[in-house]
$ cat start.txt   # compact mmCIF, C-alpha atoms and all ligand atoms
# COMPACT_ATOMS: atom_id res chain seq x y z
CA MET H 1133 76.19 105.09 108.08
CA ILE H 1134 79.73 104.60 109.32
CA THR H 1135 80.03 101.44 111.40
CA THR H 1136 81.38 101.98 114.89
CA PRO H 1137 81.60 99.52 117.81
CA ALA H 1138 78.66 101.37 119.36
CA ASN H 1139 76.27 100.93 116.48
CA LEU H 1140 77.56 97.41 115.74
CA SER H 1141 76.40 96.41 119.22
CA LYS H 1142 73.00 97.86 118.33
CA GLY H 1143 72.73 95.30 115.57
CA TYR H 1144 73.91 97.29 112.54
CA GLN H 1145 75.78 95.35 109.89
CA PRO H 1146 79.14 96.71 108.74
CA VAL H 1147 78.77 98.33 105.34
CA ILE H 1148 81.54 97.40 102.98
CA VAL H 1149 81.72 99.76 100.09
CA ASP H 1150 83.92 100.53 97.13
CA CYS H 1151 85.29 104.01 96.60
CA VAL H 1152 82.73 105.91 94.54
CA CYS H 1153 85.51 107.54 92.57
CA CYS H 1154 88.18 104.94 91.81
CA GLY H 1155 86.44 101.67 92.78
CA ARG H 1156 88.98 100.60 95.42
CA ARG H 1157 87.46 98.43 98.18
CA LEU H 1158 87.49 100.51 101.35
CA ALA H 1159 88.53 99.04 104.67
CA GLU H 1160 86.10 99.69 107.48
CA ARG H 1161 88.35 102.11 109.27
CA ASP H 1162 89.35 104.15 106.23
CA GLU H 1163 88.32 107.76 106.46
CA TYR H 1164 89.65 108.50 103.01
CA CYS H 1165 90.33 106.28 100.02
CA MET H 1166 94.05 105.50 99.99
CA ASP H 1167 94.23 105.84 96.21
CA CYS H 1168 92.27 108.98 95.49
CA GLN H 1169 91.50 110.62 98.85
CA THR H 1170 87.73 110.59 98.34
CA PRO H 1171 86.14 110.68 101.82
CA ALA H 1172 84.80 107.22 102.79
CA SER H 1173 81.63 108.79 104.19
CA LEU H 1174 80.84 110.09 100.72
CA SER H 1175 81.17 106.63 99.15
CA GLN H 1176 78.93 105.23 101.88
CA THR H 1177 76.20 107.82 101.35
CA VAL H 1178 76.23 107.31 97.59
CA SER H 1179 76.21 103.50 97.80
CA MET H 1180 73.29 103.54 100.24
CA ARG H 1181 71.24 105.70 97.94
CA GLY H 1182 72.02 103.57 94.93
CA SER H 1183 70.87 106.26 92.49
CA GLU H 1184 72.65 107.47 89.43
CA ASN H 1185 75.67 109.57 90.26
CA GLN H 1186 77.53 111.99 88.11
CA PHE H 1187 80.91 113.34 88.86
CA VAL H 1188 81.33 116.91 87.76
CA SER H 1189 84.71 118.40 88.44
CA VAL H 1190 85.66 122.03 88.61
CA LEU H 1191 89.17 122.89 87.50
CA GLY H 1192 91.06 126.13 86.98
CA ALA H 1193 94.21 128.02 87.89
CA SER H 1194 94.78 129.26 91.41
CA ASN H 1195 92.60 132.33 92.00
CA ALA H 1196 90.24 131.53 89.11
CA GLY H 1197 87.27 131.64 91.51
CA LYS H 1198 86.63 127.90 92.08
CA THR H 1199 85.94 127.99 95.83
CA VAL H 1200 83.62 130.98 95.61
CA TYR H 1201 81.82 129.42 92.65
CA LEU H 1202 81.29 126.03 94.32
CA GLY H 1203 80.14 127.48 97.64
CA LEU H 1204 77.64 129.76 96.00
CA LEU H 1205 76.49 127.04 93.62
CA LEU H 1206 75.50 124.92 96.63
CA ASP H 1207 73.65 127.81 98.17
CA ILE H 1208 71.74 128.61 94.98
CA LEU H 1209 70.89 124.94 94.40
CA SER H 1210 69.43 124.67 97.89
CA LYS H 1211 67.04 127.50 97.09
CA GLY H 1212 66.53 126.57 93.46
CA PRO H 1213 63.30 125.95 91.53
CA GLU H 1214 61.64 122.59 91.98
CA ASP H 1215 62.83 121.21 88.64
CA PHE H 1216 66.46 121.79 89.55
CA ARG H 1217 67.08 121.79 93.26
CA GLY H 1218 69.95 120.35 95.28
CA MET H 1219 70.83 119.73 98.89
CA ALA H 1220 74.32 119.61 100.34
CA SER H 1221 74.65 116.05 101.58
CA SER H 1222 77.93 115.86 103.44
CA ALA H 1223 79.54 117.75 106.28
CA PHE H 1224 82.23 118.92 103.85
CA SER H 1225 79.68 120.49 101.51
CA VAL H 1226 77.78 122.23 104.27
CA GLU H 1227 81.08 123.62 105.54
CA LEU H 1228 82.02 124.85 102.06
CA GLN H 1229 78.64 126.51 101.54
CA GLU H 1230 78.79 128.09 105.00
CA GLN H 1231 82.35 129.32 104.59
CA VAL H 1232 81.64 131.04 101.27
CA VAL H 1233 78.23 132.47 102.15
CA THR H 1234 79.41 133.78 105.53
CA ALA H 1235 82.46 135.44 103.97
CA LEU H 1236 80.37 137.08 101.24
CA GLU H 1237 77.83 138.29 103.79
CA HIS H 1238 80.71 140.02 105.57
CA ARG H 1239 81.81 141.51 102.26
CA MET H 1240 84.86 139.34 102.04
CA PHE H 1241 86.02 136.52 99.81
CA PRO H 1242 86.82 133.20 101.53
CA GLU H 1243 90.38 132.14 102.27
CA LYS H 1244 92.49 130.28 99.78
CA THR H 1245 92.10 126.53 99.39
CA PRO H 1246 95.11 124.69 100.89
CA ALA H 1247 97.13 122.46 98.58
CA GLU H 1248 97.02 119.33 100.82
CA ALA H 1249 94.54 116.72 99.68
CA ASP H 1250 92.99 115.95 103.05
CA ALA H 1251 92.07 119.58 103.48
CA TRP H 1252 90.08 119.80 100.23
CA LYS H 1253 86.39 120.23 100.72
CA TRP H 1254 84.27 117.82 98.76
CA LEU H 1255 81.06 119.07 97.35
CA HIS H 1256 78.41 116.40 97.41
CA CYS H 1257 74.96 117.48 96.47
CA GLN H 1258 71.88 115.50 95.62
CA ILE H 1259 70.07 117.28 92.86
CA SER H 1260 66.61 116.43 91.69
CA VAL H 1261 66.17 117.27 88.06
CA THR H 1262 62.70 117.29 86.52
CA GLN H 1263 62.42 117.14 82.78
CA LYS H 1264 59.36 116.32 80.71
CA LYS H 1265 57.51 115.44 83.94
CA GLU H 1266 60.14 112.88 84.89
CA THR H 1267 62.22 113.41 87.98
CA MET H 1268 65.69 111.99 88.26
CA GLU H 1269 68.06 112.15 91.20
CA VAL H 1270 71.65 112.98 90.43
CA ASP H 1271 74.50 112.88 92.91
CA LEU H 1272 76.78 115.73 92.10
CA ILE H 1273 80.29 115.20 93.40
CA SER H 1274 83.16 117.61 93.01
CA PRO H 1275 86.15 118.34 95.23
CA ASP H 1276 87.39 121.89 95.63
CA PHE H 1277 90.96 121.37 94.46
CA ALA H 1278 93.70 123.90 95.09
CA GLY H 1279 94.86 125.58 91.87
CA GLU H 1280 98.51 124.86 92.70
CA ALA H 1281 97.78 121.14 92.96
CA ILE H 1282 96.02 121.23 89.58
CA ALA H 1283 98.97 123.09 88.04
CA MET H 1284 101.47 120.54 89.41
CA GLU H 1285 99.34 117.62 88.31
CA ILE H 1286 98.96 118.80 84.73
CA ASN H 1287 102.70 119.42 84.50
CA GLN H 1288 103.50 115.99 85.88
CA ALA H 1289 100.58 113.59 85.81
CA GLY H 1290 100.42 111.32 88.86
CA LEU H 1291 101.53 113.78 91.53
CA TYR H 1292 97.95 114.15 92.74
CA PRO H 1293 96.17 110.84 92.01
CA ALA H 1294 92.87 112.29 93.25
CA ILE H 1295 92.80 114.76 90.38
CA GLN H 1296 93.66 112.04 87.88
CA HIS H 1297 90.91 109.71 89.07
CA ILE H 1298 88.24 112.36 89.30
CA VAL H 1299 88.96 113.87 85.91
CA ALA H 1300 88.80 110.39 84.35
CA LYS H 1301 85.54 109.67 86.17
CA SER H 1302 83.85 113.01 85.43
CA THR H 1303 81.11 113.11 82.83
CA GLY H 1304 81.08 116.88 83.05
CA ILE H 1305 83.98 119.24 83.67
CA LEU H 1306 83.86 122.96 84.35
CA ILE H 1307 87.02 124.85 83.44
CA LEU H 1308 87.03 128.16 85.27
CA CYS H 1309 89.01 131.07 83.78
CA ASP H 1310 89.33 134.54 85.28
CA SER H 1311 87.76 136.76 82.59
CA MET H 1312 89.67 139.87 83.64
CA ARG H 1313 93.01 138.05 83.54
CA VAL H 1314 92.09 136.56 80.17
CA ARG H 1315 91.31 140.02 78.80
CA ASP H 1316 94.18 141.93 80.40
CA GLU H 1317 97.10 139.59 80.80
CA GLY H 1318 97.77 138.07 77.42
CA SER H 1319 98.30 134.43 76.67
CA GLY H 1320 99.13 132.99 80.14
CA GLU H 1321 95.53 132.17 81.04
CA ASP H 1322 94.84 130.81 77.55
CA LEU H 1323 97.87 128.53 77.69
CA PHE H 1324 97.01 127.26 81.17
CA ALA H 1325 93.42 126.51 80.17
CA MET H 1326 94.69 124.75 77.08
CA LYS H 1327 97.07 122.62 79.14
CA LEU H 1328 94.12 121.70 81.34
CA ALA H 1329 92.03 120.78 78.31
CA THR H 1330 94.91 118.68 76.95
CA TYR H 1331 95.17 116.89 80.30
CA ILE H 1332 91.41 116.17 80.27
CA ALA H 1333 91.57 114.87 76.71
CA GLY H 1334 94.49 112.62 77.74
CA ARG H 1335 92.61 111.17 80.71
CA HIS H 1336 89.64 110.37 78.47
CA GLY H 1337 91.73 109.07 75.57
CA LEU H 1338 90.48 111.71 73.13
CA ALA H 1339 92.58 112.71 70.13
CA SER H 1340 92.52 116.34 68.97
CA ASP H 1341 92.50 115.58 65.29
CA GLY H 1342 89.17 117.26 64.59
CA LYS H 1343 87.64 113.91 63.57
CA LEU H 1344 84.64 113.94 65.86
CA LYS H 1345 82.28 111.71 63.89
CA ASN H 1346 81.50 108.24 65.26
CA ARG H 1347 83.70 108.76 68.26
CA HIS H 1348 82.76 108.23 71.90
CA PRO H 1349 81.58 111.63 73.07
CA GLY H 1350 83.87 112.08 76.08
CA PRO H 1351 82.95 114.46 78.90
CA SER H 1352 80.89 117.63 78.48
CA ILE H 1353 83.19 120.60 78.92
CA ALA H 1354 81.84 123.94 80.16
CA ILE H 1355 84.35 126.76 79.99
CA VAL H 1356 83.23 129.35 82.52
CA PHE H 1357 84.62 132.89 82.47
CA THR H 1358 84.45 134.01 86.10
CA LYS H 1359 84.40 137.49 87.66
CA CYS H 1360 82.48 138.86 84.70
CA ASP H 1361 81.20 141.71 86.89
CA GLY H 1362 84.53 143.26 85.88
CA CYS H 1363 84.35 142.13 82.26
CA PRO H 1364 81.02 142.90 80.54
CA GLU H 1365 82.32 141.75 77.15
CA ALA H 1366 82.54 138.17 78.48
CA THR H 1367 78.90 138.35 79.59
CA GLN H 1368 77.64 139.69 76.28
CA ASP H 1369 78.93 136.79 74.21
CA PRO H 1370 81.08 134.23 76.02
CA THR H 1371 81.78 132.24 72.84
CA GLN H 1372 82.98 135.27 70.90
CA PHE H 1373 84.97 136.39 73.96
CA ALA H 1374 86.67 132.97 73.99
CA ALA H 1375 87.43 133.08 70.28
CA ASN H 1376 89.02 136.52 70.67
CA ASN H 1377 90.86 136.11 73.96
CA THR H 1378 91.59 132.40 74.34
CA PRO H 1379 92.16 131.37 70.70
CA ARG H 1380 94.29 128.32 71.56
CA LEU H 1381 91.76 126.89 73.98
CA PHE H 1382 88.93 127.70 71.59
CA GLU H 1383 90.52 125.82 68.71
CA PHE H 1384 91.61 122.89 70.88
CA CYS H 1385 88.07 122.42 72.21
CA ARG H 1386 86.63 122.62 68.70
CA ARG H 1387 88.92 119.83 67.53
CA THR H 1388 88.63 117.64 70.63
CA PHE H 1389 85.37 117.83 72.55
CA ILE H 1390 82.11 117.00 70.82
CA ARG H 1391 80.17 118.65 73.60
CA HIS H 1392 81.61 121.93 74.85
CA ALA H 1393 80.22 125.41 75.50
CA PHE H 1394 81.29 128.77 76.90
CA PHE H 1395 79.66 130.59 79.83
CA ALA H 1396 80.15 133.73 81.92
CA ALA H 1397 79.57 133.93 85.68
CA SER H 1398 80.09 136.24 88.62
CA VAL H 1399 79.17 136.35 92.28
CA ALA H 1400 79.70 140.01 93.03
CA GLY H 1401 77.58 142.77 91.55
CA ASN H 1402 80.57 144.98 92.00
CA SER H 1403 83.93 144.75 93.73
CA GLY H 1404 86.79 147.04 94.60
CA LEU H 1405 90.30 147.10 96.02
CA LEU H 1406 90.71 148.05 99.65
CA ALA H 1407 94.11 148.77 101.22
CA ASP H 1408 94.79 148.07 104.93
CA SER H 1409 97.08 150.20 107.15
CA THR H 1410 100.16 148.37 105.83
CA GLY H 1411 99.19 149.10 102.25
CA LEU H 1412 98.25 145.49 101.54
CA GLN H 1413 95.48 145.43 98.93
CA MET H 1414 92.49 143.16 99.13
CA ARG H 1415 89.59 142.79 96.72
CA ILE H 1416 86.20 143.01 98.40
CA PRO H 1417 82.71 142.40 97.00
CA PHE H 1418 80.48 145.45 97.50
CA HIS H 1419 77.36 143.36 97.20
CA VAL H 1420 76.53 139.79 96.28
CA GLU H 1421 74.69 139.41 93.03
CA PRO H 1422 75.21 135.96 91.53
CA ARG H 1423 74.97 135.67 87.76
CA GLY H 1424 75.33 132.65 85.53
CA ILE H 1425 76.29 130.27 88.38
CA VAL H 1426 73.89 127.35 87.79
CA GLN H 1427 73.64 127.53 83.99
CA PRO H 1428 76.94 125.71 83.25
CA LEU H 1429 75.92 122.93 85.63
CA GLN H 1430 72.44 122.64 84.14
CA TRP H 1431 73.97 122.38 80.70
CA VAL H 1432 76.50 119.78 81.87
CA VAL H 1433 73.85 117.50 83.39
CA GLY H 1434 71.71 117.90 80.28
CA HIS H 1435 68.91 119.91 81.82
CA ASN H 1436 67.10 122.06 79.24
CA CYS H 1437 67.30 125.63 80.34
N1 LIG E 1 85.20 140.64 91.03
C1 LIG E 1 85.07 139.36 91.38
N2 LIG E 1 86.07 138.75 92.02
C2 LIG E 1 85.92 137.45 92.34
C3 LIG E 1 84.75 136.71 92.02
N3 LIG E 1 84.92 135.43 92.46
C4 LIG E 1 86.14 135.38 93.02
N4 LIG E 1 86.77 136.59 92.96
C5 LIG E 1 88.13 136.96 93.40
O1 LIG E 1 88.98 135.87 93.14
C6 LIG E 1 89.66 135.47 94.32
C7 LIG E 1 89.90 133.98 94.32
O2 LIG E 1 88.67 133.28 94.41
P1 LIG E 1 88.69 131.76 94.88
O3 LIG E 1 87.31 131.24 94.73
O4 LIG E 1 89.33 131.62 96.23
O5 LIG E 1 89.65 131.14 93.76
P2 LIG E 1 90.27 129.66 93.67
O6 LIG E 1 91.71 129.80 94.01
O7 LIG E 1 90.09 129.28 92.23
O8 LIG E 1 89.50 128.77 94.59
C8 LIG E 1 88.77 135.97 95.45
O9 LIG E 1 89.51 136.17 96.63
C9 LIG E 1 88.26 137.26 94.88
O10 LIG E 1 89.22 138.30 95.05
C10 LIG E 1 83.68 137.40 91.33
O11 LIG E 1 82.63 136.87 90.96
N5 LIG E 1 83.92 138.71 91.03
MG MG E 2 90.09 127.56 96.09
ZN ZN E 3 89.28 106.07 95.55
$ encode --input "start.txt" --output "structure tokens"
Amino acid sequence: MITTPANLSKGYQPVIVDCVCCGRRLAERDEYCMDCQTPASLSQTVSMRGSENQFVSVLGASNAGKTVYLGLLLDILSKGPEDFRGMASSAFSVELQEQVVTALEHRMFPEKTPAEADAWKWLHCQISVTQKKETMEVDLISPDFAGEAIAMEINQAGLYPAIQHIVAKSTGILILCDSMRVRDEGSGEDLFAMKLATYIAGRHGLASDGKLKNRHPGPSIAIVFTKCDGCPEATQDPTQFAANNTPRLFEFCRRTFIRHAFFAASVAGNSGLLADSTGLQMRIPFHVEPRGIVQPLQWVVGHNC
């Protein structure tokens, strides 16, 4: 609960909490952490629950499909099977879920994520994971970063402290890559993904010398090829697709991350280009048919699937 004069007079004690992401002590009036822009309400919710929390961040170039993926992930988790079900637990998450689902229902993709930190939507979802008859609650926290901010941050670390803190804090990281761009547009996507992977390795102090034995494991890295409705070869064998089309990233991951895996995902069963009266082209989903959305997350949190 956020303390206000009204509820203080009702006898509530002020709750002093540390930022769930970077550990900074939050002042009572802070709406966001001054260091990393994590919403204070999120830190309060997590600290009140006191359960295990896992940061999972979702990174990728602009237009890789991050916003659509995160919004639909929330929606699928809310309707998921009992052994892996999640509920959006902040206003930001509900808004993200609503924005994506409503757009897709109207056969549109949601608008682009703005590059200013205070406008990022933070996904916070409490997932209950049941394994071997034991249920564990995991707080899943991931902001929907703008691709441009990620690109600037990996070129010059420190420009967006939020990204730095969250990547360092994340035990699982999803790198989203547009499968059609990977297949059709040469090395650009491969190089960007590799820069991202290098940045992640740097934040976790991991060398890429291929010496993986007896080393701290670092984060689990799921490389997710998005939009695979337009790229069946990525769906058939994501690992082989990565080896063929993103050879630099593939080799870097092999030498750096003990735990990494490749996945393919899509939200649209089919999509097409529509031109308006001015000739401006827009991609629209003909129908929503999510594939491979929860699997990378299940793998990252160690759920057997
Ligand atoms: N065909 C297809 N296109 C998609 C899919 N997901 C996203 N897109 C397209 O990619 C664009 C960018 O998606 P968005 O989630 O906003 O990317 P972000 O910039 O990484 O957040 C959308 O406007 C769609 O045109 C998908 O599953 N299939
Ligand atoms: Mg976005
Ligand atoms: Zn912080």
$ residues_near_ligand --input "start.txt" --ligand "ligand MG 2 (chain E)" --cutoff "12 Å" --atoms "only C-alpha atoms and all ligand atoms" --output "VMD selection string"
chain H and resid 1190 to 1203 1228 1231 to 1232 1241 to 1248 1251 to 1254 1275 to 1282 1308
$ closest_residue --input "start.txt" --among "H:His1419, H:Arg1161, H:His1297, H:Lys1211" --to "ligand ZN 3 (chain E)" --atoms "all atoms listed in the file"
H:His1297
$ closest_residue --input "start.txt" --among "H:Gly1424, H:Gly1155, H:Gly1218, H:Gly1342" --to "ligand LIG 1 (chain E)" --atoms "all atoms listed in the file"
H:Gly1424
$ residues_around --input "start.txt" --residues "Lys1327 in chain H" --least-positions-apart "3" --cutoff "9 Å" --atoms "all atoms listed in the file" --output "PyMOL selection string"
chain H and resi 1286-1287+1322-1324+1330-1332+1381
$ closest_residue --input "start.txt" --among "H:Phe1187, H:Ser1222, H:Arg1156, H:Phe1395" --to "Pro1351 in chain H" --atoms "all atoms listed in the file"
H:Phe1187
$ residues_near_ligand --input "start.txt" --ligand "ligand ZN 3 (chain E)" --cutoff "7 Å" --atoms "only C-alpha atoms and all ligand atoms" --output "ChimeraX atom specification"
/H:1151-1156,1165-1170
$ residues_around --input "start.txt" --residues "Pro1422 in chain H" --least-positions-apart "2" --cutoff "8 Å" --atoms "only C-alpha atoms" --output "MDAnalysis selection string"
chainID H and resid 1397:1401 1420 1424:1425
$ write_last_selection --input "start.txt" --atoms "C-alpha atoms" --output "PDB file, in the coordinates of the input"
ATOM      1  CA  ALA H1397      79.570 133.930  85.680  1.00  0.00           C
ATOM      2  CA  SER H1398      80.090 136.240  88.620  1.00  0.00           C
ATOM      3  CA  VAL H1399      79.170 136.350  92.280  1.00  0.00           C
ATOM      4  CA  ALA H1400      79.700 140.010  93.030  1.00  0.00           C
ATOM      5  CA  GLY H1401      77.580 142.770  91.550  1.00  0.00           C
ATOM      6  CA  VAL H1420      76.530 139.790  96.280  1.00  0.00           C
ATOM      7  CA  GLY H1424      75.330 132.650  85.530  1.00  0.00           C
ATOM      8  CA  ILE H1425      76.290 130.270  88.380  1.00  0.00           C
TER       9      ILE H1425
END
$ closest_residue --input "start.txt" --among "H:Ser1311, H:Ser1302, H:Gln1296, H:Ser1352" --to "ligand LIG 1 (chain E)" --atoms "all atoms listed in the file"
H:Ser1311
$ residues_around --input "start.txt" --residues "Gly1304 in chain H" --least-positions-apart "5" --cutoff "12 Å" --atoms "only C-alpha atoms" --output "mmCIF file with C-alpha atoms, keeping the file's coordinate frame"
data_model
loop_
_atom_site.group_PDB
_atom_site.id
_atom_site.type_symbol
_atom_site.label_atom_id
_atom_site.label_comp_id
_atom_site.auth_asym_id
_atom_site.auth_seq_id
_atom_site.Cartn_x
_atom_site.Cartn_y
_atom_site.Cartn_z
ATOM 1 C CA ASN H 1185 75.670 109.570 90.260
ATOM 2 C CA GLN H 1186 77.530 111.990 88.110
ATOM 3 C CA PHE H 1187 80.910 113.340 88.860
ATOM 4 C CA VAL H 1188 81.330 116.910 87.760
ATOM 5 C CA SER H 1189 84.710 118.400 88.440
ATOM 6 C CA VAL H 1190 85.660 122.030 88.610
ATOM 7 C CA LEU H 1191 89.170 122.890 87.500
ATOM 8 C CA LEU H 1272 76.780 115.730 92.100
ATOM 9 C CA ILE H 1273 80.290 115.200 93.400
ATOM 10 C CA SER H 1274 83.160 117.610 93.010
ATOM 11 C CA ILE H 1298 88.240 112.360 89.300
ATOM 12 C CA VAL H 1299 88.960 113.870 85.910
ATOM 13 C CA ILE H 1332 91.410 116.170 80.270
ATOM 14 C CA HIS H 1336 89.640 110.370 78.470
ATOM 15 C CA PRO H 1349 81.580 111.630 73.070
ATOM 16 C CA GLY H 1350 83.870 112.080 76.080
ATOM 17 C CA PRO H 1351 82.950 114.460 78.900
ATOM 18 C CA SER H 1352 80.890 117.630 78.480
ATOM 19 C CA ILE H 1353 83.190 120.600 78.920
ATOM 20 C CA ALA H 1354 81.840 123.940 80.160
ATOM 21 C CA ILE H 1355 84.350 126.760 79.990
ATOM 22 C CA PHE H 1389 85.370 117.830 72.550
ATOM 23 C CA ARG H 1391 80.170 118.650 73.600
ATOM 24 C CA HIS H 1392 81.610 121.930 74.850
ATOM 25 C CA ALA H 1393 80.220 125.410 75.500
ATOM 26 C CA PRO H 1428 76.940 125.710 83.250
ATOM 27 C CA LEU H 1429 75.920 122.930 85.630
ATOM 28 C CA GLN H 1430 72.440 122.640 84.140
ATOM 29 C CA TRP H 1431 73.970 122.380 80.700
ATOM 30 C CA VAL H 1432 76.500 119.780 81.870
ATOM 31 C CA VAL H 1433 73.850 117.500 83.390
ATOM 32 C CA GLY H 1434 71.710 117.900 80.280
#
$ closest_residue --input "start.txt" --among "H:His1238, H:His1348, H:Leu1204, H:Ala1325" --to "Val1226 in chain H" --atoms "only C-alpha atoms"
H:Leu1204
$ closest_residue --input "start.txt" --among "H:Lys1359, H:Arg1423, H:Arg1386, H:Arg1157" --to "ligand LIG 1 (chain E)" --atoms "only C-alpha atoms and all ligand atoms"
H:Lys1359
$ axis_aligned_box --input "start.txt" --around "ligand LIG 1 (chain E)" --padding-each-side "6 Å" --output "JSON"
{"center_x": 87.2, "center_y": 134.7, "center_z": 93.8, "size_x": 21.1, "size_y": 23.9, "size_z": 17.7}
$ residues_around --input "start.txt" --residues "Arg1347 in chain H" --least-positions-apart "3" --cutoff "10 Å" --atoms "all atoms listed in the file" --output "PyMOL selection string"
chain H and resi 1338-1339+1343-1344+1350+1390
$ write_last_selection --input "start.txt" --atoms "C-alpha atoms" --output "mmCIF file, in the frame of the given file"
data_model
loop_
_atom_site.group_PDB
_atom_site.id
_atom_site.type_symbol
_atom_site.label_atom_id
_atom_site.label_comp_id
_atom_site.auth_asym_id
_atom_site.auth_seq_id
_atom_site.Cartn_x
_atom_site.Cartn_y
_atom_site.Cartn_z
ATOM 1 C CA LEU H 1338 90.480 111.710 73.130
ATOM 2 C CA ALA H 1339 92.580 112.710 70.130
ATOM 3 C CA LYS H 1343 87.640 113.910 63.570
ATOM 4 C CA LEU H 1344 84.640 113.940 65.860
ATOM 5 C CA GLY H 1350 83.870 112.080 76.080
ATOM 6 C CA ILE H 1390 82.110 117.000 70.820
#
$ atom_distance --input "start.txt" --atom1 "CA of Ala1249 in chain H" --atom2 "atom C7 of ligand LIG 1 (chain E)"
18.7 Å
$ atom_distance --input "start.txt" --atom1 "CA of Met1180 in chain H" --atom2 "CA of Ile1305 in chain H"
25.2 Å
$ atom_distance --input "start.txt" --atom1 "CA of Phe1394 in chain H" --atom2 "CA of Ala1333 in chain H"
17.3 Å
$ build_atoms --input "start.txt" --residues "range 1293-1309 of chain H" --atoms "N, CA and C atoms" --output "PDB file, keeping the file's coordinate frame"
ATOM      1  N   PRO H1293      97.031 111.883  92.596  1.00  0.00           N
ATOM      2  CA  PRO H1293      96.170 110.840  92.010  1.00  0.00           C
ATOM      3  C   PRO H1293      94.695 111.185  92.086  1.00  0.00           C
ATOM      4  N   ALA H1294      94.291 111.940  93.117  1.00  0.00           N
ATOM      5  CA  ALA H1294      92.870 112.290  93.250  1.00  0.00           C
ATOM      6  C   ALA H1294      92.397 113.024  92.006  1.00  0.00           C
ATOM      7  N   ILE H1295      93.207 113.954  91.541  1.00  0.00           N
ATOM      8  CA  ILE H1295      92.800 114.760  90.380  1.00  0.00           C
ATOM      9  C   ILE H1295      92.677 113.858  89.157  1.00  0.00           C
ATOM     10  N   GLN H1296      93.665 112.970  89.011  1.00  0.00           N
ATOM     11  CA  GLN H1296      93.660 112.040  87.880  1.00  0.00           C
ATOM     12  C   GLN H1296      92.388 111.186  87.859  1.00  0.00           C
ATOM     13  N   HIS H1297      92.072 110.594  89.001  1.00  0.00           N
ATOM     14  CA  HIS H1297      90.910 109.710  89.070  1.00  0.00           C
ATOM     15  C   HIS H1297      89.616 110.476  88.812  1.00  0.00           C
ATOM     16  N   ILE H1298      89.514 111.634  89.417  1.00  0.00           N
ATOM     17  CA  ILE H1298      88.240 112.360  89.300  1.00  0.00           C
ATOM     18  C   ILE H1298      88.033 112.895  87.900  1.00  0.00           C
ATOM     19  N   VAL H1299      89.101 113.383  87.286  1.00  0.00           N
ATOM     20  CA  VAL H1299      88.960 113.870  85.910  1.00  0.00           C
ATOM     21  C   VAL H1299      88.544 112.717  84.992  1.00  0.00           C
ATOM     22  N   ALA H1300      89.151 111.552  85.192  1.00  0.00           N
ATOM     23  CA  ALA H1300      88.800 110.390  84.350  1.00  0.00           C
ATOM     24  C   ALA H1300      87.350 109.963  84.587  1.00  0.00           C
ATOM     25  N   LYS H1301      86.887 110.136  85.802  1.00  0.00           N
ATOM     26  CA  LYS H1301      85.540 109.670  86.170  1.00  0.00           C
ATOM     27  C   LYS H1301      84.454 110.690  85.793  1.00  0.00           C
ATOM     28  N   SER H1302      84.845 111.946  85.632  1.00  0.00           N
ATOM     29  CA  SER H1302      83.850 113.010  85.430  1.00  0.00           C
ATOM     30  C   SER H1302      83.173 112.930  84.073  1.00  0.00           C
ATOM     31  N   THR H1303      81.851 113.052  84.101  1.00  0.00           N
ATOM     32  CA  THR H1303      81.110 113.110  82.830  1.00  0.00           C
ATOM     33  C   THR H1303      80.924 114.569  82.418  1.00  0.00           C
ATOM     34  N   GLY H1304      81.146 115.462  83.365  1.00  0.00           N
ATOM     35  CA  GLY H1304      81.080 116.880  83.050  1.00  0.00           C
ATOM     36  C   GLY H1304      82.227 117.593  83.749  1.00  0.00           C
ATOM     37  N   ILE H1305      82.863 118.520  83.060  1.00  0.00           N
ATOM     38  CA  ILE H1305      83.980 119.240  83.670  1.00  0.00           C
ATOM     39  C   ILE H1305      83.802 120.735  83.413  1.00  0.00           C
ATOM     40  N   LEU H1306      83.911 121.511  84.487  1.00  0.00           N
ATOM     41  CA  LEU H1306      83.860 122.960  84.350  1.00  0.00           C
ATOM     42  C   LEU H1306      85.282 123.493  84.425  1.00  0.00           C
ATOM     43  N   ILE H1307      85.706 124.203  83.403  1.00  0.00           N
ATOM     44  CA  ILE H1307      87.020 124.850  83.440  1.00  0.00           C
ATOM     45  C   ILE H1307      86.776 126.323  83.739  1.00  0.00           C
ATOM     46  N   LEU H1308      87.248 126.769  84.899  1.00  0.00           N
ATOM     47  CA  LEU H1308      87.030 128.160  85.270  1.00  0.00           C
ATOM     48  C   LEU H1308      88.223 129.021  84.850  1.00  0.00           C
ATOM     49  N   CYS H1309      87.959 130.134  84.201  1.00  0.00           N
ATOM     50  CA  CYS H1309      89.010 131.070  83.780  1.00  0.00           C
ATOM     51  C   CYS H1309      88.628 132.464  84.234  1.00  0.00           C
TER      52      CYS H1309
END
